[in-house]
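With mmCIF, C-alpha atoms inside, this is model36.cif:
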data_upload
#
loop_
_atom_site.label_atom_id
_atom_site.label_comp_id
_atom_site.auth_asym_id
_atom_site.auth_seq_id
_atom_site.Cartn_x
_atom_site.Cartn_y
_atom_site.Cartn_z
CA ARG A 1 19.50 95.13 38.18
CA ALA A 2 22.18 96.67 36.00
CA VAL A 3 24.74 98.90 37.70
CA LEU A 4 25.89 101.63 35.33
CA LEU A 5 29.37 103.12 35.05
CA ASN A 6 30.00 106.29 36.99
CA GLY A 7 32.94 108.12 35.48
CA ILE A 8 35.31 105.15 35.72
CA LYS A 9 38.73 105.50 34.13
CA TRP A 10 40.39 102.44 32.64
CA GLU A 11 44.03 101.57 32.06
CA LYS A 12 43.78 100.46 28.46
CA MET A 13 45.04 97.10 27.24
CA ASN A 14 46.97 97.18 23.98
CA THR A 15 44.29 96.04 21.52
CA LYS A 16 46.80 96.08 18.65
CA ASN A 17 48.36 93.01 20.22
CA SER A 18 45.09 91.20 20.96
CA GLN A 19 45.67 87.47 20.58
CA LYS A 20 43.69 84.71 18.92
CA ASN A 21 41.38 82.54 20.99
CA ILE A 22 43.22 79.29 21.73
CA GLY A 23 40.57 76.63 22.43
CA TRP A 24 41.21 74.04 25.16
CA TYR A 25 44.22 74.49 27.46
CA LYS A 26 45.27 73.96 31.07
CA HIS A 27 46.59 76.55 33.50
CA SER A 28 47.27 76.05 37.21
CA ARG A 29 45.90 72.49 36.88
CA LEU A 30 42.51 73.82 35.75
CA PRO A 31 41.11 73.13 32.25
CA HIS A 32 39.96 76.19 30.29
CA PHE A 33 38.14 76.66 26.99
CA ASP A 34 38.70 79.84 24.99
CA SER A 35 36.69 80.49 21.83
CA ALA A 36 34.99 83.48 20.20
CA GLY A 37 31.19 83.43 20.42
CA VAL A 38 31.11 80.97 23.32
CA TYR A 39 29.09 81.75 26.45
CA GLN A 40 31.25 81.37 29.56
CA MET A 41 30.48 81.28 33.26
CA ILE A 42 33.55 82.50 35.16
CA SER A 43 34.23 82.37 38.89
CA TYR A 44 37.16 83.68 40.91
CA ARG A 45 37.77 84.41 44.58
CA LEU A 46 39.77 86.44 47.09
CA SER A 47 43.16 85.02 48.02
CA ASP A 48 42.20 84.76 51.72
CA SER A 49 38.82 83.10 51.08
CA LEU A 50 40.11 79.54 51.58
CA SER A 51 43.16 78.56 53.62
CA LYS A 52 45.73 76.04 52.40
CA GLU A 53 44.49 73.73 55.15
CA TYR A 54 41.01 73.62 53.61
CA ILE A 55 42.44 72.92 50.16
CA VAL A 56 44.75 70.15 51.39
CA LYS A 57 41.89 68.40 53.23
CA LEU A 58 39.67 68.69 50.17
CA GLU A 59 42.31 67.20 47.87
CA GLU A 60 42.80 64.30 50.28
CA LYS A 61 39.08 63.53 50.12
CA LEU A 62 39.16 63.53 46.32
CA LEU A 63 42.19 61.26 45.87
CA ASN A 64 40.17 58.15 45.01
CA THR A 65 37.90 59.81 42.43
CA SER A 66 38.40 59.99 38.66
CA GLU A 67 39.89 63.14 37.17
CA SER A 68 36.56 64.27 35.68
CA GLU A 69 34.63 63.59 38.90
CA ARG A 70 37.39 65.18 40.96
CA GLU A 71 37.14 68.46 39.06
CA LYS A 72 33.34 68.56 39.39
CA GLU A 73 33.33 67.70 43.09
CA ARG A 74 36.17 70.11 43.83
CA HIS A 75 34.14 72.97 42.38
CA VAL A 76 31.01 71.96 44.32
CA GLN A 77 32.88 71.73 47.63
CA ILE A 78 34.77 75.00 47.12
CA ASP A 79 31.52 76.81 46.31
CA ARG A 80 29.97 75.42 49.49
CA LEU A 81 32.91 76.59 51.61
CA LEU A 82 32.94 80.03 50.00
CA ASP A 83 29.24 80.48 50.75
CA GLU A 84 30.04 80.03 54.45
CA GLY A 85 31.68 83.47 54.35
CA LEU A 86 35.31 82.55 55.05
CA GLY A 87 38.11 85.12 54.97
CA SER A 88 37.94 88.90 55.16
CA CYS A 89 34.87 89.11 52.86
CA ILE A 90 35.82 92.60 51.73
CA LEU A 91 33.67 92.31 48.61
CA GLY A 92 30.68 92.67 50.92
CA ARG A 93 31.56 96.35 51.14
CA PRO A 94 29.39 98.31 48.70
CA GLU A 95 32.39 100.35 47.47
CA CYS A 96 34.36 97.20 46.65
CA ALA A 97 31.44 95.40 45.02
CA ARG A 98 30.66 98.40 42.81
CA HIS A 99 34.24 98.50 41.55
CA ILE A 100 33.96 94.85 40.50
CA ILE A 101 30.73 95.49 38.60
CA ASP A 102 32.05 98.68 37.01
CA THR A 103 35.08 96.72 35.82
CA TRP A 104 32.86 94.15 34.10
CA GLN A 105 30.60 96.81 32.62
CA PHE A 106 33.42 98.83 31.10
CA PHE A 107 34.15 96.56 28.12
CA HIS A 108 30.61 95.24 27.71
CA SER A 109 29.80 95.04 23.95
CA LYS A 110 33.45 95.80 23.12
CA ARG A 111 35.44 92.76 24.21
CA TYR A 112 32.57 90.55 25.36
CA GLU A 113 28.84 90.64 26.03
CA LEU A 114 28.14 90.89 29.77
CA ILE A 115 25.04 88.83 30.55
CA ALA A 116 24.71 88.11 34.29
CA TRP A 117 26.76 88.59 37.44
CA THR A 118 26.89 88.50 41.21
CA VAL A 119 29.50 89.78 43.65
CA MET A 120 29.56 87.67 46.80
CA PRO A 121 31.51 88.76 49.91
CA ASN A 122 34.56 86.60 49.05
CA HIS A 123 34.06 85.48 45.43
CA VAL A 124 32.32 86.39 42.18
CA HIS A 125 30.39 84.75 39.34
CA VAL A 126 29.92 86.31 35.91
CA LEU A 127 28.46 85.12 32.60
CA ILE A 128 29.76 86.57 29.33
CA GLN A 129 29.81 85.82 25.62
CA GLN A 130 33.32 86.05 24.21
CA LYS A 131 34.29 88.09 21.18
CA GLU A 132 36.91 87.41 18.53
CA GLY A 133 40.45 88.52 19.36
CA PHE A 134 40.08 88.79 23.14
CA PRO A 135 41.23 85.58 24.89
CA LEU A 136 39.46 84.71 28.11
CA GLY A 137 42.68 84.61 30.14
CA LEU A 138 43.54 88.20 29.20
CA ILE A 139 40.00 89.38 29.95
CA VAL A 140 40.02 87.87 33.46
CA SER A 141 43.56 89.10 34.11
CA SER A 142 42.56 92.67 33.24
CA TRP A 143 39.48 92.42 35.50
CA LYS A 144 41.59 91.29 38.42
CA LYS A 145 44.37 93.81 37.92
CA TYR A 146 42.15 96.87 37.69
CA SER A 147 39.65 95.87 40.39
CA ALA A 148 42.50 95.02 42.80
CA LYS A 149 43.90 98.52 42.35
CA LYS A 150 40.52 100.16 43.05
CA ILE A 151 39.72 97.92 46.04
CA ARG A 152 43.09 98.68 47.64
CA GLU A 153 42.22 102.36 47.35
CA VAL A 154 38.97 101.68 49.24
CA LEU A 155 40.77 99.75 51.99
CA ASN A 156 43.26 102.58 52.44
CA ASN A 157 40.56 105.25 52.62
CA LYS A 158 39.82 106.07 56.28
CA GLU A 159 36.51 107.68 55.34
CA VAL A 160 34.97 104.39 54.19
CA GLN A 161 35.87 102.13 57.13
CA HIS A 162 33.41 99.49 58.37
CA VAL A 163 30.26 99.77 56.25
CA GLU A 164 27.12 98.56 58.00
CA ALA A 165 25.80 95.12 56.95
CA VAL A 166 22.36 96.52 56.20
CA GLU A 167 23.87 98.89 53.64
CA SER A 168 24.85 95.96 51.41
CA GLY A 169 21.59 94.08 51.89
CA ALA A 170 23.11 91.25 53.95
CA GLU A 171 21.22 89.57 56.76
CA SER A 172 24.18 87.70 58.24
CA LYS A 173 27.06 89.74 59.65
CA LYS A 174 29.36 86.73 59.53
CA HIS A 175 29.83 87.50 55.82
CA LEU A 176 30.71 91.11 56.54
CA SER A 177 33.20 90.96 59.39
CA PHE A 178 36.00 92.86 57.59
CA ILE A 179 38.53 91.53 60.14
CA ASP A 180 41.80 93.47 59.71
CA ASP A 181 40.69 94.13 56.16
CA LYS A 182 43.07 97.05 55.67
CA ASN A 183 46.11 94.86 56.26
CA VAL A 184 45.02 91.46 54.92
CA PHE A 185 46.22 92.16 51.39
CA THR A 186 49.23 94.40 52.10
CA LYS A 187 51.75 91.70 51.20
CA ASN A 188 49.55 89.12 49.47
CA SER A 189 47.74 89.27 46.16
CA LEU A 190 44.13 90.37 46.47
CA TRP A 191 42.84 87.66 44.12
CA GLN A 192 43.52 83.95 44.24
CA LYS A 193 45.63 82.84 41.28
CA GLY A 194 43.67 81.45 38.34
CA TYR A 195 39.92 81.22 37.75
CA TRP A 196 37.24 78.63 37.03
CA ASP A 197 35.26 78.71 33.78
CA ARG A 198 32.63 76.58 32.11
CA PHE A 199 31.32 77.09 28.59
CA ILE A 200 27.55 76.91 28.08
CA ARG A 201 26.37 73.83 26.20
CA ASP A 202 22.81 74.76 25.26
CA GLU A 203 19.84 77.01 26.09
CA ASN A 204 18.81 74.92 29.08
CA HIS A 205 22.32 75.13 30.54
CA TYR A 206 22.31 78.89 29.82
CA MET A 207 19.14 79.44 31.88
CA LYS A 208 20.38 77.23 34.73
CA VAL A 209 23.63 79.19 34.94
CA ILE A 210 21.82 82.54 35.12
CA GLU A 211 19.58 81.15 37.85
CA TYR A 212 22.61 79.82 39.75
CA ILE A 213 24.35 83.20 39.57
CA VAL A 214 21.48 85.41 40.73
CA TYR A 215 20.32 82.98 43.44
CA ASN A 216 23.77 82.50 44.97
CA PRO A 217 23.16 85.21 47.64
CA VAL A 218 19.93 83.43 48.65
CA LYS A 219 21.70 80.06 48.79
CA ALA A 220 24.39 81.61 51.02
CA ASN A 221 21.71 83.05 53.38
CA LEU A 222 22.66 86.64 52.64
CA VAL A 223 19.13 87.62 51.62
CA LYS A 224 15.72 85.94 51.43
CA HIS A 225 14.92 87.05 47.87
CA TYR A 226 17.42 87.34 45.03
CA GLN A 227 16.08 90.79 44.10
CA ASP A 228 17.26 92.11 47.49
CA TRP A 229 20.96 91.55 46.78
CA PRO A 230 22.25 94.82 45.28
CA PHE A 231 25.34 93.31 43.66
CA SER A 232 23.68 90.92 41.22
CA GLY A 233 22.26 91.71 37.81
CA VAL A 234 21.20 90.53 34.37
CA ASN A 235 21.53 92.71 31.28
CA PRO A 236 18.06 92.95 29.65
CA GLU A 237 19.35 92.78 26.08
#
Reformat the file's structure so that it appears as structure tokens.
Amino acid sequence: RAVLLNGIKWEKMNTKNSQKNIGWYKHSRLPHFDSAGVYQMISYRLSDSLSKEYIVKLEEKLLNTSESEREKERHVQIDRLLDEGLGSCILGRPECARHIIDTWQFFHSKRYELIAWTVMPNHVHVLIQQKEGFPLGLIVSSWKKYSAKKIREVLNNKEVQHVEAVESGAESKKHLSFIDDKNVFTKNSLWQKGYWDRFIRDENHYMKVIEYIVYNPVKANLVKHYQDWPFSGVNPE
């Protein structure tokens, strides 16, 4: 279900200096592909969603695999860990989740086409089609910067403390613990550095990605039916 904007104000990027799409490149050890017209699935997570200990153990397990297999398996294992509801899970708060979705919706049809999305308690998945002149790295950076500002405002607002699990459609309170959520991100960045992206190869891949995105809350045992998760959606056009 689409979540519409509700009077959101945006800190504009300087479109006069919009850069060219740059194709394949690496950043923070992750490969990225940036090209106008390409469909991209993008995932990013909260900075407290996985501890360094988890990451170190994962990398040790992957030492004897090839680089291509290592990248694939790393993503699979990280997704599995994230679905366990680790960290503060502040994105399970309706106010926080709505700010994420509003951020994506704001430049829909202007800088990209927004196709499908889900906000999980500690990470997000979104599918877009890129447009000419708006590199993927700058798009994701603007999403993170603005949403972090709005989420910090929520965490500092005493009137919106401790939202009930039922209000966000979750069946498992382990994903909505909000432990010390007001202070978790006081000194640290809200979002983990970098992001994961995968360009869509064909129509079959496109449909599988949409299914993966909208069914993630079911896979993580947050709801029984994907339609019950209020922070997922697919644009009908």
Q) Neighbours of region 49-57 of chain A within 9 Å (only C-alpha atoms; same-chain residues fewer than 4 positions away dropped), as a PyMOL selection string? A) chain A and resi 45+61-62+78+81-82+85-89+122-123+192
Selection export as a compact mmCIF listing (two decimals), in the coordinates of the input, atoms kept: C-alpha atoms:
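The result, written out as again.txt:
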# COMPACT_ATOMS: atom_id res chain seq x y z
CA ARG A 45 37.77 84.41 44.58
CA LYS A 61 39.08 63.53 50.12
CA LEU A 62 39.16 63.53 46.32
CA ILE A 78 34.77 75.00 47.12
CA LEU A 81 32.91 76.59 51.61
CA LEU A 82 32.94 80.03 50.00
CA GLY A 85 31.68 83.47 54.35
CA LEU A 86 35.31 82.55 55.05
CA GLY A 87 38.11 85.12 54.97
CA SER A 88 37.94 88.90 55.16
CA CYS A 89 34.87 89.11 52.86
CA ASN A 122 34.56 86.60 49.05
CA HIS A 123 34.06 85.48 45.43
CA GLN A 192 43.52 83.95 44.24
**Q.** Reference answer for the PyMOL selection byres ((chain A and resi 91) around 7), as a PyMOL selection string
**A.** chain A and resi 89-90+92-93+96-97+119-122
Size and centre in Å, one decimal, axis-aligned box, all listed region 48-60 of chain A atoms plus 4 Å per side, as AutoDock Vina command-line options:
--center_x 42.3 --center_y 74.5 --center_z 51.5 --size_x 14.9 --size_y 28.5 --size_z 15.3
Q | Target residues per the PyMOL selection byres ((chain A and resi 197) around 7), formatted as a VMD selection string | A | chain A and resid 32 40 to 43 195 to 196 198 to 199
**Q.** CA of His99 (chain A) to CA of Ser147 (chain A), straight-line distance in Å
**A.**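 CA of Ser147 (chain A) sits 6.1 Å away from CA of His99 (chain A).
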Q. Given the choices A:Val214, A:Leu155, A:Leu46, A:Val76, which gets closest to Ala116 (chain A) if the distance is worked out from all atoms listed in the file?
A.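 Between A:Val214, A:Leu155, A:Leu46, A:Val76, the residue approaching Ala116 (chain A) most closely is A:Val214.
Here CA of Trp104 (chain A) is placed at a distance of 21.0 Å from CA of Lys208 (chain A).
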Q: Select, from A:Phe107, A:Tyr112, A:Phe231, A:Trp143, the residue with the minimum atom-to-atom distance to Gln129 (chain A), counting only C-alpha atoms.
A: A:Tyr112
Q: Using CA of Lys145 (chain A) and CA of Ile115 (chain A) as the two end points, give the distance in Å to one decimal.
A: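 Answer for the CA of Lys145 (chain A) to CA of Ile115 (chain A) separation: 21.3 Å.
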Q | Nearest to His75 (chain A), chosen from A:Arg111, A:Trp191, A:Leu58, A:Ile213, with only C-alpha atoms counted in the distances | A |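 Closest residue, counting only C-alpha atoms: A:Leu58.
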